[in-house]
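One structure is given here, and the rest of the page talks about it.
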Amino acid sequence: QVQLVESGGGSVQAGGSLRLSCAASGYTYSSKCMGWFRQAPGKEREGVARIYTGDGSTYYADSVKGRFTISQDNAKNTVYLQMNSLKPEDTAMYYCAADMVGPWEECQIGNADFGYWGQGTQVTVSS
């Protein structure tokens with residue numbers, strides 16, 4: 001049973017930083033697409049960043065490019081989202097997701113089938 005557990009959310013002032021963690025367990029696949037998504041109240045879920053763990057390729061939404069960094073620690077089966085220069089519009093529930101079997105190409109074009117999701121961690125940025 002694949003499990004994803006997020007942590008690291010919290011409340012910060014605009015311009016501050018947070019690092020989210022997503023610890024994965026219950027699988028054996030070394031290459032997979034991992035993603036961070038967010039959803040603010042009354043808004044649709046938005047893809048924030050993706051990483052293909054096989055080669056470390058990363059992809060970002062335009063809204064976070066240059067401010068957020070997704071990374072991985074394979075030894076810990078953990079994916080991180082470093083968020084810098086946070087803005088009030090970054091306020092949302094952040095979710096980690098995994099596509100355990102899809103190819104790199106699907107991760108690259110943003111068409112991964114994220115079948116596993118974490119419970120989410122809240123990020124609140126005040127002005």
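FYI, nothing fancy with the structure tokens labels: chains A, B, ... in order, residues from 1 per chain, ligands from 1 as they appear.
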Give me every helix (DSSP H, G or I) residue in chain A, going by DSSP on the backbone, as number ranges by chain. A: 74-76, 88-90, 104-108
Would you pick out the contacts of Val12 of chain A at 9 Å or less, using only C-alpha atoms, so that residues sharing its chain but fewer than 2 positions from it are not included, and give the list as a list in words?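 In the requested format, the answer is Gly10, Ala14, Gly15, Gly16, Ser17, Leu18, Leu86, Val123, Thr124, Val125 and Ser126 of chain A.
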So that I can see what lies close to Cys22 of chain A, please list as JSON, numbers by chain the residues with an atom at most 6 Å from it, counting only C-alpha atoms and leaving out residues fewer than 2 positions away in the same chain. {"A": [5, 6, 78, 79]}
Produce a file of the selected residues containing C-alpha atoms, as an mmCIF file, in the first residue's frame.
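Full text of part_32.cif as output:
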data_model
loop_
_atom_site.group_PDB
_atom_site.id
_atom_site.type_symbol
_atom_site.label_atom_id
_atom_site.label_comp_id
_atom_site.auth_asym_id
_atom_site.auth_seq_id
_atom_site.Cartn_x
_atom_site.Cartn_y
_atom_site.Cartn_z
ATOM 1 C CA VAL A 5 2.735 11.850 4.068
ATOM 2 C CA GLU A 6 3.260 15.585 3.746
ATOM 3 C CA THR A 78 11.265 11.845 0.232
ATOM 4 C CA VAL A 79 10.451 14.686 -2.117
#
Do you know which residues are at most 7 Å from segment 42-56 of chain A counting only C-alpha atoms, after dropping those on the same chain fewer than 2 positions away, and could you put them as number ranges by chain? A: 30-40, 58-61, 64, 70, 104, 107
What is the distance, in Å and to one decimal place, between atom CA of Pro103 of chain A and atom CA of Ser71 of chain A?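 Rounded to one decimal, the two atoms are 18.7 Å apart.
Near Gly118 of chain A, within a cut-off of 10 Å and counting only C-alpha atoms, sit the residues Val2, Gln3, Leu4, Val5, Glu6, Ser7, Cys22, Ala23, Ala24, Trp36, Tyr94, Tyr95, Cys96, Ala97 and Ala98 of chain A, with same-chain residues fewer than 4 positions away left out.
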Selection: 8 Å around Arg67 of chain A, only C-alpha atoms, excl. self and same-chain fewer than 2 positions, as number ranges by chain: A: 64-65, 69, 83-86
Could you write those residues out with all heavy atoms, as a compact mmCIF listing (two decimals), in the first residue's frame?
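So the final result, stored in out01.txt, reads:
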# COMPACT_ATOMS: atom_id res chain seq x y z
N VAL A 64 5.24 29.82 -10.08
CA VAL A 64 6.20 29.57 -9.01
C VAL A 64 7.64 29.49 -9.51
O VAL A 64 8.57 29.34 -8.70
CB VAL A 64 5.86 28.29 -8.22
CG1 VAL A 64 4.43 28.35 -7.71
CG2 VAL A 64 6.08 27.04 -9.07
N LYS A 65 7.84 29.57 -10.81
CA LYS A 65 9.20 29.49 -11.35
C LYS A 65 10.10 30.54 -10.75
O LYS A 65 9.72 31.71 -10.62
CB LYS A 65 9.18 29.65 -12.88
CG LYS A 65 8.86 28.38 -13.63
CD LYS A 65 8.89 28.61 -15.14
CE LYS A 65 8.50 27.36 -15.88
NZ LYS A 65 8.44 27.59 -17.35
N THR A 69 11.43 25.27 -5.51
CA THR A 69 12.33 24.25 -6.01
C THR A 69 11.88 22.89 -5.49
O THR A 69 11.73 22.70 -4.28
CB THR A 69 13.77 24.50 -5.55
OG1 THR A 69 14.20 25.80 -6.00
CG2 THR A 69 14.70 23.44 -6.13
N MET A 83 10.02 26.53 -0.81
CA MET A 83 9.23 27.67 -1.27
C MET A 83 9.83 28.94 -0.69
O MET A 83 9.84 29.13 0.53
CB MET A 83 7.77 27.51 -0.83
CG MET A 83 7.15 26.21 -1.28
SD MET A 83 5.39 26.09 -0.90
CE MET A 83 5.46 26.09 0.89
N ASN A 84 10.34 29.79 -1.57
CA ASN A 84 10.93 31.06 -1.16
C ASN A 84 10.11 32.22 -1.71
O ASN A 84 9.28 32.04 -2.61
CB ASN A 84 12.36 31.16 -1.69
CG ASN A 84 13.27 30.08 -1.13
OD1 ASN A 84 13.10 29.62 0.00
ND2 ASN A 84 14.25 29.66 -1.92
N SER A 85 10.35 33.39 -1.17
CA SER A 85 9.65 34.60 -1.62
C SER A 85 8.15 34.37 -1.69
O SER A 85 7.49 34.70 -2.68
CB SER A 85 10.19 35.04 -3.00
OG SER A 85 11.57 35.28 -2.95
N LEU A 86 7.61 33.81 -0.64
CA LEU A 86 6.20 33.45 -0.64
C LEU A 86 5.31 34.69 -0.72
O LEU A 86 5.64 35.76 -0.18
CB LEU A 86 5.87 32.64 0.61
CG LEU A 86 6.30 31.18 0.55
CD1 LEU A 86 6.37 30.56 1.93
CD2 LEU A 86 5.37 30.39 -0.36
Between atom CA of Met93 of chain A and atom CA of Gly120 of chain A - distance in Å to one decimal: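 Between atom CA of Gly120 of chain A and atom CA of Met93 of chain A the gap works out to 6.0 Å.
Note that the spacing between atom CA of Gly8 of chain A and atom CA of Gln119 of chain A amounts to 12.6 Å.
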From a DSSP calculation on the backbone, collect every residue of chain A in strand (DSSP E) and output the set as an MDAnalysis selection string. chainID A and resid 3:7 10:13 18:25 33:39 46:52 57:60 68:73 78:83 92:99 116:117 121:126
